[in-house]
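Structure file input-v4.cif with mmCIF, C-alpha atoms:
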data_data
loop_
_atom_site.label_atom_id
_atom_site.label_comp_id
_atom_site.auth_asym_id
_atom_site.auth_seq_id
_atom_site.Cartn_x
_atom_site.Cartn_y
_atom_site.Cartn_z
CA MET B 1 11.18 5.78 -5.39
CA ALA B 2 7.46 6.17 -5.71
CA GLU B 3 7.42 7.88 -9.10
CA SER B 4 9.33 5.16 -10.88
CA LYS B 5 9.15 1.39 -11.02
CA ILE B 6 12.60 0.99 -12.51
CA THR B 7 15.27 -0.61 -10.41
CA ILE B 8 18.67 0.84 -11.08
CA PRO B 9 21.38 -1.64 -10.21
CA LYS B 10 24.42 -0.20 -8.44
CA ASP B 11 26.98 -1.91 -10.62
CA ILE B 12 26.26 -0.41 -14.05
CA SER B 13 29.55 0.18 -15.85
CA PRO B 14 30.59 3.77 -16.64
CA ALA B 15 30.66 2.85 -20.35
CA VAL B 16 26.97 1.91 -20.27
CA ILE B 17 26.11 5.08 -18.33
CA LYS B 18 27.94 7.17 -20.93
CA ARG B 19 25.86 5.59 -23.70
CA LEU B 20 22.46 6.15 -22.08
CA PRO B 21 22.20 9.88 -22.94
CA ARG B 22 22.88 9.01 -26.56
CA TYR B 23 20.02 6.49 -26.61
CA TYR B 24 17.89 9.16 -25.02
CA ARG B 25 18.84 11.68 -27.71
CA TYR B 26 18.09 9.29 -30.58
CA LEU B 27 14.78 8.24 -29.07
CA GLY B 28 13.86 11.90 -28.59
CA GLU B 29 14.51 12.51 -32.29
CA LEU B 30 12.43 9.49 -33.29
CA LYS B 31 9.63 10.79 -31.08
CA GLU B 32 9.86 14.21 -32.76
CA HIS B 33 9.47 12.45 -36.09
CA ASP B 34 6.42 10.55 -34.81
CA VAL B 35 8.09 7.15 -34.96
CA SER B 36 6.22 5.01 -32.45
CA ARG B 37 8.28 1.85 -32.52
CA ILE B 38 11.65 0.68 -33.72
CA SER B 39 13.49 -2.62 -33.91
CA SER B 40 16.87 -2.94 -32.23
CA LYS B 41 18.29 -3.53 -35.72
CA GLU B 42 16.94 -0.25 -37.08
CA LEU B 43 18.04 1.62 -33.98
CA SER B 44 21.49 0.07 -34.24
CA GLN B 45 21.83 1.19 -37.86
CA ARG B 46 20.90 4.75 -36.99
CA MET B 47 23.20 4.88 -33.99
CA GLN B 48 26.01 2.89 -35.61
CA VAL B 49 26.36 0.50 -32.72
CA THR B 50 25.55 -3.21 -32.81
CA ALA B 51 22.02 -4.39 -32.06
CA SER B 52 23.45 -6.76 -29.46
CA GLN B 53 25.10 -3.86 -27.64
CA ILE B 54 21.77 -2.05 -27.49
CA ARG B 55 20.06 -5.14 -26.12
CA GLN B 56 22.83 -5.75 -23.59
CA ASP B 57 22.84 -2.11 -22.45
CA LEU B 58 19.09 -2.01 -21.95
CA ASN B 59 19.02 -5.43 -20.31
CA ASN B 60 20.96 -3.88 -17.43
CA PHE B 61 17.71 -2.19 -16.50
CA GLY B 62 15.46 -5.15 -17.17
CA GLY B 63 15.18 -4.74 -20.95
CA PHE B 64 12.38 -2.90 -22.66
CA GLY B 65 11.83 -4.71 -25.94
CA GLN B 66 9.44 -7.41 -27.03
CA GLN B 67 10.62 -10.18 -29.31
CA GLY B 68 9.38 -9.49 -32.83
CA TYR B 69 7.86 -6.15 -31.92
CA GLY B 70 10.88 -4.01 -31.12
CA TYR B 71 10.92 -1.03 -28.82
CA ASN B 72 8.05 1.30 -28.07
CA VAL B 73 9.79 4.65 -28.66
CA GLU B 74 7.72 6.80 -26.30
CA TYR B 75 7.94 4.25 -23.50
CA LEU B 76 11.66 3.63 -23.88
CA TYR B 77 12.35 7.38 -24.06
CA THR B 78 10.41 7.97 -20.85
CA GLU B 79 12.03 5.05 -19.03
CA ILE B 80 15.57 6.02 -20.00
CA GLY B 81 14.71 9.55 -18.91
CA LYS B 82 13.76 8.17 -15.49
CA ILE B 83 16.95 6.12 -15.30
CA LEU B 84 18.88 9.31 -16.05
CA GLY B 85 16.95 11.11 -13.33
CA LEU B 86 15.41 13.57 -15.81
CA ASP B 87 11.90 13.12 -14.40
CA LYS B 88 12.85 15.27 -11.43
CA VAL B 89 14.18 18.81 -11.49
CA ASN B 90 17.59 19.37 -9.95
CA ASN B 91 18.33 22.91 -8.83
CA MET B 92 21.86 24.05 -9.49
CA ILE B 93 24.07 27.11 -9.40
CA ILE B 94 26.83 28.32 -11.70
CA VAL B 95 29.96 29.53 -9.98
CA GLY B 96 31.96 31.77 -12.29
CA ALA B 97 29.82 34.09 -14.42
CA GLY B 98 32.37 34.77 -17.16
CA ASN B 99 31.64 34.02 -20.80
CA LEU B 100 31.38 30.28 -20.36
CA GLY B 101 29.28 30.51 -17.18
CA GLN B 102 26.91 32.90 -18.91
CA ALA B 103 26.75 30.71 -22.01
CA LEU B 104 25.83 27.74 -19.85
CA ALA B 105 23.19 29.80 -18.04
CA ASN B 106 21.68 30.47 -21.46
CA TYR B 107 21.50 26.79 -22.28
CA HIS B 108 18.09 25.10 -22.12
CA PHE B 109 18.86 22.52 -19.50
CA GLU B 110 15.30 22.26 -18.16
CA PRO B 111 14.40 19.40 -20.55
CA ASN B 112 17.38 17.60 -19.03
CA GLY B 113 16.04 18.05 -15.54
CA PHE B 114 18.20 20.96 -14.43
CA ARG B 115 17.27 24.48 -13.40
CA VAL B 116 19.81 27.23 -12.73
CA LEU B 117 18.89 29.25 -9.60
CA GLY B 118 21.80 31.67 -9.58
CA LEU B 119 25.17 32.64 -10.97
CA PHE B 120 28.03 33.77 -8.73
CA ASP B 121 31.07 35.89 -9.44
CA VAL B 122 33.66 38.06 -7.73
CA ASN B 123 33.47 40.72 -10.44
CA PRO B 124 31.38 43.67 -9.14
CA ARG B 125 30.58 44.71 -12.71
CA LEU B 126 28.75 41.41 -13.25
CA VAL B 127 26.93 41.27 -9.89
CA GLY B 128 23.29 42.30 -10.24
CA LEU B 129 23.04 41.51 -13.96
CA THR B 130 20.70 38.77 -15.07
CA VAL B 131 21.25 36.05 -17.66
CA ARG B 132 18.08 34.52 -19.05
CA GLY B 133 16.23 35.72 -15.96
CA VAL B 134 18.82 34.34 -13.54
CA GLU B 135 20.66 36.83 -11.35
CA ILE B 136 24.41 37.07 -10.92
CA TYR B 137 25.17 37.28 -7.19
CA ASP B 138 28.26 38.28 -5.28
CA ILE B 139 30.32 35.19 -4.54
CA ASP B 140 30.43 36.26 -0.87
CA THR B 141 26.78 35.29 -0.64
CA LEU B 142 27.40 31.80 -2.01
CA GLU B 143 27.53 29.91 1.30
CA GLU B 144 24.24 31.38 2.50
CA PHE B 145 22.58 30.77 -0.86
CA ILE B 146 23.62 27.10 -0.84
CA HIS B 147 22.14 26.68 2.64
CA THR B 148 18.96 28.68 2.01
CA HIS B 149 18.14 26.98 -1.28
CA ASP B 150 19.47 23.56 -0.31
CA ILE B 151 21.65 23.42 -3.43
CA LYS B 152 23.47 20.15 -4.06
CA ILE B 153 24.80 20.68 -7.59
CA ALA B 154 27.20 23.31 -8.89
CA VAL B 155 28.59 24.15 -12.30
CA LEU B 156 32.19 25.23 -11.86
CA THR B 157 33.31 27.76 -14.46
CA LEU B 158 36.08 29.41 -12.46
CA PRO B 159 39.71 29.85 -13.53
CA LYS B 160 41.96 26.97 -12.51
CA GLN B 161 43.71 29.15 -9.90
CA THR B 162 40.58 29.47 -7.75
CA ALA B 163 38.50 26.44 -8.75
CA SER B 164 40.03 23.85 -6.40
CA ASP B 165 39.84 25.92 -3.22
CA MET B 166 36.34 27.14 -4.00
CA ALA B 167 35.20 23.57 -4.69
CA LYS B 168 36.55 22.45 -1.30
CA SER B 169 34.65 25.24 0.47
CA MET B 170 31.50 24.43 -1.46
CA VAL B 171 31.71 20.80 -0.35
CA GLU B 172 31.78 22.03 3.26
CA TRP B 173 28.71 24.12 2.51
CA GLY B 174 26.78 21.12 1.20
CA ILE B 175 27.50 20.71 -2.53
CA LYS B 176 27.48 17.02 -3.53
CA ALA B 177 28.05 17.18 -7.28
CA PHE B 178 30.13 19.33 -9.62
CA TRP B 179 29.91 19.81 -13.35
CA ASN B 180 33.46 21.02 -13.67
CA PHE B 181 34.73 23.13 -16.57
CA ALA B 182 37.89 24.34 -14.81
CA PRO B 183 41.03 22.72 -16.23
CA VAL B 184 41.91 20.99 -12.95
CA ASP B 185 41.27 17.58 -11.43
CA LEU B 186 39.34 18.43 -8.28
CA LYS B 187 40.58 16.46 -5.29
CA LEU B 188 37.48 16.05 -3.19
CA PRO B 189 36.05 13.44 -0.79
CA LYS B 190 35.09 10.17 -2.48
CA ASP B 191 31.34 10.68 -2.05
CA ILE B 192 31.40 13.91 -4.07
CA MET B 193 30.48 13.44 -7.72
CA VAL B 194 32.45 15.25 -10.40
CA GLU B 195 31.75 15.29 -14.12
CA ASN B 196 34.56 17.02 -15.99
CA VAL B 197 34.35 18.91 -19.27
CA HIS B 198 37.95 19.72 -20.11
CA LEU B 199 37.56 21.83 -23.25
CA ALA B 200 41.24 22.49 -23.90
CA GLU B 201 41.98 18.77 -23.66
CA SER B 202 39.22 17.94 -26.09
CA LEU B 203 40.67 20.43 -28.55
CA MET B 204 44.18 19.00 -28.07
CA THR B 205 42.85 15.56 -28.97
CA LEU B 206 41.60 17.04 -32.22
CA SER B 207 44.94 18.77 -32.74
CA TYR B 208 46.73 15.44 -32.29
CA ARG B 209 44.57 13.82 -34.92
CA ILE B 210 45.02 16.70 -37.36
CA ARG B 211 48.76 16.57 -36.88
CA SER B 212 49.12 12.80 -37.16
CA ASN B 213 46.87 12.82 -40.21
CA ASN B 214 49.12 15.29 -42.00
CA GLU B 215 52.33 13.34 -41.49
CA MET J 1 58.41 17.01 -40.40
CA ALA J 2 61.43 19.22 -40.15
CA GLU J 3 60.56 20.94 -36.87
CA SER J 4 60.23 17.77 -34.86
CA LYS J 5 62.24 14.58 -34.46
CA ILE J 6 59.43 12.65 -32.87
CA THR J 7 57.93 9.81 -34.81
CA ILE J 8 54.27 9.43 -34.16
CA PRO J 9 53.15 5.88 -34.84
CA LYS J 10 49.82 5.51 -36.62
CA ASP J 11 48.40 2.90 -34.28
CA ILE J 12 48.24 4.79 -30.99
CA SER J 13 45.06 3.82 -29.19
CA PRO J 14 42.37 6.47 -28.63
CA ALA J 15 42.69 5.89 -24.86
CA VAL J 16 46.36 6.90 -24.94
CA ILE J 17 45.58 9.94 -27.09
CA LYS J 18 42.91 11.01 -24.60
CA ARG J 19 45.43 10.85 -21.78
CA LEU J 20 48.16 12.92 -23.49
CA PRO J 21 46.52 16.33 -22.89
CA ARG J 22 46.28 15.49 -19.20
CA TYR J 23 50.02 14.73 -19.03
CA TYR J 24 50.59 17.99 -20.84
CA ARG J 25 48.47 19.87 -18.30
CA TYR J 26 50.26 18.36 -15.29
CA LEU J 27 53.68 18.99 -16.79
CA GLY J 28 52.66 22.57 -17.53
CA GLU J 29 51.74 23.04 -13.87
CA LEU J 30 55.03 21.51 -12.71
CA LYS J 31 56.85 23.88 -15.04
CA GLU J 32 54.94 26.83 -13.60
CA HIS J 33 56.08 25.72 -10.15
CA ASP J 34 59.69 25.50 -11.37
CA VAL J 35 59.91 21.74 -10.97
CA SER J 36 62.64 20.64 -13.35
CA ARG J 37 62.40 16.89 -13.03
CA ILE J 38 60.03 14.29 -11.70
CA SER J 39 60.05 10.52 -11.26
CA SER J 40 57.31 8.48 -12.85
CA LYS J 41 56.32 7.49 -9.30
CA GLU J 42 55.84 11.11 -8.19
CA LEU J 43 54.01 11.97 -11.38
CA SER J 44 51.78 8.94 -10.96
CA GLN J 45 50.87 9.97 -7.41
CA ARG J 46 49.93 13.47 -8.53
CA MET J 47 47.93 12.24 -11.50
CA GLN J 48 46.45 9.23 -9.68
CA VAL J 49 47.36 6.80 -12.43
CA THR J 50 49.89 4.01 -12.11
CA ALA J 51 53.56 4.65 -12.83
CA SER J 52 53.53 1.73 -15.24
CA GLN J 53 50.70 3.30 -17.22
CA ILE J 54 52.70 6.52 -17.55
CA ARG J 55 55.74 4.58 -18.75
CA GLN J 56 53.68 2.52 -21.17
CA ASP J 57 51.89 5.57 -22.56
CA LEU J 58 55.10 7.50 -23.14
CA ASN J 59 56.89 4.46 -24.54
CA ASN J 60 54.49 4.65 -27.48
CA PHE J 61 56.49 7.65 -28.59
CA GLY J 62 59.89 6.23 -27.75
CA GLY J 63 59.86 7.01 -24.01
CA PHE J 64 61.36 10.09 -22.47
CA GLY J 65 62.65 9.00 -19.08
CA GLN J 66 66.06 7.93 -17.86
CA GLN J 67 66.32 5.11 -15.39
CA GLY J 68 67.01 6.53 -11.93
CA TYR J 69 66.69 10.12 -13.10
CA GLY J 70 63.05 10.44 -13.97
CA TYR J 71 61.60 12.84 -16.48
CA ASN J 72 62.95 16.23 -17.45
CA VAL J 73 59.79 18.31 -17.05
CA GLU J 74 60.56 21.04 -19.58
CA TYR J 75 61.69 18.54 -22.21
CA LEU J 76 58.75 16.18 -21.70
CA TYR J 77 56.30 19.11 -21.77
CA THR J 78 57.76 20.35 -25.05
CA GLU J 79 57.82 16.92 -26.64
CA ILE J 80 54.25 16.07 -25.67
CA GLY J 81 53.26 19.48 -27.01
CA LYS J 82 54.84 18.52 -30.34
CA ILE J 83 53.08 15.16 -30.34
CA LEU J 84 49.82 17.01 -29.78
CA GLY J 85 50.66 19.35 -32.64
CA LEU J 86 50.73 22.40 -30.36
CA ASP J 87 54.03 23.66 -31.79
CA LYS J 88 52.19 24.83 -34.89
CA VAL J 89 49.29 27.27 -35.04
CA ASN J 90 46.07 25.96 -36.54
CA ASN J 91 43.70 28.59 -37.89
CA MET J 92 40.07 27.88 -37.25
CA ILE J 93 36.64 29.44 -37.50
CA ILE J 94 33.61 29.27 -35.24
CA VAL J 95 30.31 28.65 -36.99
CA GLY J 96 27.43 29.75 -34.79
CA ALA J 97 28.09 32.96 -32.86
CA GLY J 98 25.51 32.47 -30.12
CA ASN J 99 26.45 32.42 -26.45
CA LEU J 100 28.53 29.29 -26.65
CA GLY J 101 30.30 30.31 -29.87
CA GLN J 102 31.14 33.67 -28.34
CA ALA J 103 32.30 32.06 -25.10
CA LEU J 104 34.62 29.80 -27.09
CA ALA J 105 35.93 32.78 -29.08
CA ASN J 106 36.85 34.32 -25.73
CA TYR J 107 38.80 31.26 -24.67
CA HIS J 108 42.59 31.47 -24.77
CA PHE J 109 43.24 28.68 -27.20
CA GLU J 110 46.49 30.14 -28.56
CA PRO J 111 48.65 28.26 -26.02
CA ASN J 112 46.98 25.12 -27.35
CA GLY J 113 47.98 25.96 -30.90
CA PHE J 114 44.69 27.33 -32.17
CA ARG J 115 43.76 30.77 -33.46
CA VAL J 116 40.22 31.87 -34.27
CA LEU J 117 40.08 33.85 -37.53
CA GLY J 118 36.35 34.52 -37.66
CA LEU J 119 32.91 33.77 -36.29
CA PHE J 120 29.92 33.19 -38.53
CA ASP J 121 26.22 33.57 -37.93
CA VAL J 122 22.90 34.04 -39.73
CA ASN J 123 21.71 36.62 -37.20
CA PRO J 124 22.09 40.13 -38.74
CA ARG J 125 22.20 41.65 -35.25
CA LEU J 126 25.41 39.76 -34.53
CA VAL J 127 27.12 40.30 -37.89
CA GLY J 128 29.77 43.03 -37.68
CA LEU J 129 30.32 42.70 -33.91
CA THR J 130 33.69 41.56 -32.67
CA VAL J 131 34.51 39.11 -29.90
CA ARG J 132 38.00 39.46 -28.45
CA GLY J 133 39.07 41.19 -31.65
CA VAL J 134 37.54 38.56 -33.92
CA GLU J 135 34.75 39.67 -36.24
CA ILE J 136 31.38 37.99 -36.64
CA TYR J 137 30.68 37.55 -40.36
CA ASP J 138 27.53 36.76 -42.27
CA ILE J 139 27.29 33.02 -42.78
CA ASP J 140 26.72 33.65 -46.50
CA THR J 141 30.39 34.61 -46.74
CA LEU J 142 31.55 31.36 -45.13
CA GLU J 143 32.42 29.45 -48.30
CA GLU J 144 34.57 32.26 -49.64
CA PHE J 145 36.28 32.78 -46.28
CA ILE J 146 37.18 29.08 -46.04
CA HIS J 147 38.74 29.22 -49.51
CA THR J 148 40.51 32.57 -49.08
CA HIS J 149 42.02 31.72 -45.70
CA ASP J 150 42.56 28.04 -46.42
CA ILE J 151 40.68 27.05 -43.26
CA LYS J 152 40.70 23.35 -42.39
CA ILE J 153 39.21 23.39 -38.87
CA ALA J 154 35.81 24.56 -37.71
CA VAL J 155 34.14 24.82 -34.34
CA LEU J 156 30.48 23.96 -34.79
CA THR J 157 28.20 25.76 -32.35
CA LEU J 158 25.01 25.69 -34.39
CA PRO J 159 21.63 24.35 -33.29
CA LYS J 160 21.10 20.67 -34.08
CA GLN J 161 18.55 21.51 -36.80
CA THR J 162 21.15 23.20 -39.00
CA ALA J 163 24.44 21.66 -37.85
CA SER J 164 24.44 18.51 -40.00
CA ASP J 165 23.63 20.18 -43.31
CA MET J 166 26.06 23.02 -42.67
CA ALA J 167 28.81 20.55 -41.77
CA LYS J 168 28.24 18.69 -45.05
CA SER J 169 28.54 21.92 -47.04
CA MET J 170 31.64 22.90 -45.11
CA VAL J 171 33.28 19.59 -45.98
CA GLU J 172 32.67 20.39 -49.66
CA TRP J 173 34.31 23.76 -49.10
CA GLY J 174 37.43 22.20 -47.62
CA ILE J 175 36.95 21.74 -43.86
CA LYS J 176 38.77 18.63 -42.63
CA ALA J 177 38.13 18.72 -38.87
CA PHE J 178 35.22 19.71 -36.65
CA TRP J 179 35.09 20.50 -32.97
CA ASN J 180 31.41 19.78 -32.68
CA PHE J 181 29.21 21.20 -29.90
CA ALA J 182 25.91 20.56 -31.68
CA PRO J 183 23.96 17.69 -30.11
CA VAL J 184 24.10 15.54 -33.23
CA ASP J 185 26.37 12.80 -34.53
CA LEU J 186 27.69 14.27 -37.76
CA LYS J 187 27.62 11.77 -40.59
CA LEU J 188 30.57 12.80 -42.73
CA PRO J 189 33.14 11.09 -44.96
CA LYS J 190 35.56 8.84 -43.08
CA ASP J 191 38.58 11.11 -43.60
CA ILE J 192 36.88 14.02 -41.81
CA MET J 193 37.86 14.31 -38.15
CA VAL J 194 35.21 15.08 -35.57
CA GLU J 195 35.73 15.71 -31.87
CA ASN J 196 32.39 15.94 -30.07
CA VAL J 197 31.59 17.89 -26.93
CA HIS J 198 28.05 16.87 -26.08
CA LEU J 199 27.28 19.11 -23.09
CA ALA J 200 23.75 17.90 -22.41
CA GLU J 201 24.95 14.30 -22.40
CA SER J 202 27.71 15.10 -19.97
CA LEU J 203 25.17 16.71 -17.65
CA MET J 204 22.84 13.70 -17.97
CA THR J 205 25.68 11.44 -16.87
CA LEU J 206 25.97 13.56 -13.75
CA SER J 207 22.21 13.44 -13.29
CA TYR J 208 22.29 9.64 -13.49
CA ARG J 209 24.93 9.47 -10.79
CA ILE J 210 23.06 11.92 -8.55
CA ARG J 211 19.88 9.91 -8.95
CA SER J 212 21.41 6.49 -8.43
CA ASN J 213 23.30 7.83 -5.41
CA ASN J 214 20.09 8.98 -3.77
CA GLU J 215 18.25 5.68 -4.04
#

Is it possible to express this structure as structure tokens?
Amino acid sequence: MAESKITIPKDISPAVIKRLPRYYRYLGELKEHDVSRISSKELSQRMQVTASQIRQDLNNFGGFGQQGYGYNVEYLYTEIGKILGLDKVNNMIIVGAGNLGQALANYHFEPNGFRVLGLFDVNPRLVGLTVRGVEIYDIDTLEEFIHTHDIKIAVLTLPKQTASDMAKSMVEWGIKAFWNFAPVDLKLPKDIMVENVHLAESLMTLSYRIRSNNE
Amino acid sequence: MAESKITIPKDISPAVIKRLPRYYRYLGELKEHDVSRISSKELSQRMQVTASQIRQDLNNFGGFGQQGYGYNVEYLYTEIGKILGLDKVNNMIIVGAGNLGQALANYHFEPNGFRVLGLFDVNPRLVGLTVRGVEIYDIDTLEEFIHTHDIKIAVLTLPKQTASDMAKSMVEWGIKAFWNFAPVDLKLPKDIMVENVHLAESLMTLSYRIRSNNE
């Protein structure tokens, strides 16, 4: 791509990908505190991962450090941002304008490269309201909206009963990626990307640990 | 514990623990559809994991299947629920009654063994409101509330600027476990349990995949 000189290899492991946003967060904090450079050792102490893991992770993308100098914080932050695709704005919609959908619409996702263009719901009492300047539309208008605005990304905050069928329809209408909060495993074509946030399961993991700790 | 005959070994790997809630969810759905038993092969096809992984995972807790019969759905669901500590109710509080805190207060966590006793916020316009029957209290009353109600678990939905310091205070007041939605890594004593839900990082992972898919 013209706006970036970084080559992103196809075979980056999911574990590395999961760690990138955390590097990005720490570098953002360093930047806020006007730290201009940092050694991999210092960064590793802050992040509580080994310095060699940091070096290995970043070497996947060509490495960004200089021996004896460390990392340039601003530069590394910007480059990791590009790797994460945060230098471009992705338009998305939120399907399901209940409490969670509305809470997500209120989130400041723009710094992360995402902009919410609309919320959708079946509930006529919600349709026409706005959340942080974004309108809630009737879900019957969803297909047209996806086409008109060329939407590729959807946040799914529907109940589990309707989430799977709606996701399948949305794939037919052109959606390529879901940020899924419904407590279901969406069964969709292989080229469709799904990132799950299963809240109840996260809480159960905590419950397990509380229970096993009390034994 | 008297109410359960299951022994939970101390050395269960985090990967197994992460998978238990998903078993629980699938078994719950089977139960809803009046399926009374299922072979590990069938279950593995539905869940898209190998049958041997299912057997291995469950064998950590003594195993629940009978050769040639498969798993009793109701029994396995109940037992995994006990392993996850869902047979007891954990009282918890939500600290930070913004959109996300309120959305979480609206969640039906009771079936997962959690009950929200109060929300807390600094914002005087929120204090005194109720969300799904649960009151929003002034954060100045938090310490006393934790003591009076013997609260051990807190949902942290504060901004990152205040989350770390508040979490430290809450540990002094008796909190033992955090379900943390603030975009920070809480640095707390080793015996304090933290389960993180880093929403922005989850979305960045999706962004990465969208970007690298479009190259």

Using only C-alpha atoms, find the residues of chain B whose closest atom to chain J is at most 7 Å away, then write them as a PDB file with C-alpha atoms, in the coordinates of the input.
ATOM      1  CA  ILE B   8      18.670   0.840 -11.080  1.00  0.00           C
ATOM      2  CA  ILE B  17      26.110   5.080 -18.330  1.00  0.00           C
ATOM      3  CA  LYS B  18      27.940   7.170 -20.930  1.00  0.00           C
ATOM      4  CA  PRO B  21      22.200   9.880 -22.940  1.00  0.00           C
ATOM      5  CA  ILE B  83      16.950   6.120 -15.300  1.00  0.00           C
ATOM      6  CA  LEU B  84      18.880   9.310 -16.050  1.00  0.00           C
ATOM      7  CA  GLY B  85      16.950  11.110 -13.330  1.00  0.00           C
ATOM      8  CA  ASN B  99      31.640  34.020 -20.800  1.00  0.00           C
ATOM      9  CA  LEU B 100      31.380  30.280 -20.360  1.00  0.00           C
ATOM     10  CA  ALA B 103      26.750  30.710 -22.010  1.00  0.00           C
ATOM     11  CA  ASN B 112      17.380  17.600 -19.030  1.00  0.00           C
ATOM     12  CA  GLU B 195      31.750  15.290 -14.120  1.00  0.00           C
ATOM     13  CA  GLU B 201      41.980  18.770 -23.660  1.00  0.00           C
ATOM     14  CA  MET B 204      44.180  19.000 -28.070  1.00  0.00           C
ATOM     15  CA  THR B 205      42.850  15.560 -28.970  1.00  0.00           C
ATOM     16  CA  LEU B 206      41.600  17.040 -32.220  1.00  0.00           C
ATOM     17  CA  SER B 207      44.940  18.770 -32.740  1.00  0.00           C
ATOM     18  CA  TYR B 208      46.730  15.440 -32.290  1.00  0.00           C
ATOM     19  CA  ARG B 211      48.760  16.570 -36.880  1.00  0.00           C
ATOM     20  CA  SER B 212      49.120  12.800 -37.160  1.00  0.00           C
TER      21      SER B 212
END

Q.
Show me the residues around (11.4, -4.2, -25.5) - criterion: an atom at most 12 Å away, only C-alpha atoms counted - as a list in words.
A.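 These residues have at least one counted atom within 12 Å: Arg37, Ile38, Ser39, Ser40, Ile54, Arg55, Gln56, Leu58, Asn59, Phe61, Gly62, Gly63, Phe64, Gly65, Gln66, Gln67, Gly68, Tyr69, Gly70, Tyr71, Asn72, Val73, Glu74, Tyr75, Leu76, Tyr77 and Glu79 of chain B.
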
Q: Run the PyMOL selection byres ((chain B and resi 151) around 8) mentally over the shown coordinates, then write out the matched residues as a ChimeraX atom specification, using the chain letters and numbers from the document.
A: /B:91-93,145-147,149-150,152-154,174-175

Q | Between atom CA of B:Arg125 and atom CA of B:Tyr137, distance in Å (one decimal) | A |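 Separating atom CA of B:Arg125 from atom CA of B:Tyr137 is a distance of 10.7 Å.
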
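One distance worth recording is that between atom CA of B:Ile94 and atom CA of J:Val95, which is 25.5 Å.
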
Q) Hey, what comes out of the PyMOL selection byres ((chain B and resi 124) around 10) on this file? Could you write it as a list in words? A) Asp121, Val122, Asn123, Arg125, Leu126, Val127, Gly128, Leu129, Ile136, Tyr137, Asp138 and Ile139 of chain B

Selection file, C-alpha atoms, as a short mmCIF file (atom, residue, chain, number, x, y, z; two decimals), in the coordinates of the input:
data_model
loop_
_atom_site.label_atom_id
_atom_site.label_comp_id
_atom_site.auth_asym_id
_atom_site.auth_seq_id
_atom_site.Cartn_x
_atom_site.Cartn_y
_atom_site.Cartn_z
CA ASP B 121 31.07 35.89 -9.44
CA VAL B 122 33.66 38.06 -7.73
CA ASN B 123 33.47 40.72 -10.44
CA ARG B 125 30.58 44.71 -12.71
CA LEU B 126 28.75 41.41 -13.25
CA VAL B 127 26.93 41.27 -9.89
CA GLY B 128 23.29 42.30 -10.24
CA LEU B 129 23.04 41.51 -13.96
CA ILE B 136 24.41 37.07 -10.92
CA TYR B 137 25.17 37.28 -7.19
CA ASP B 138 28.26 38.28 -5.28
CA ILE B 139 30.32 35.19 -4.54
#

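The space separating atom CA of J:Gln53 from atom CA of B:Ser13 comes to 21.4 Å.
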
Q.
With the PyMOL selection byres ((chain B and resi 182) around 6) as the selection, what would be picked from this file? Answer as a PyMOL selection string, please.
A. chain B and resi 157-160+180-181+183-184
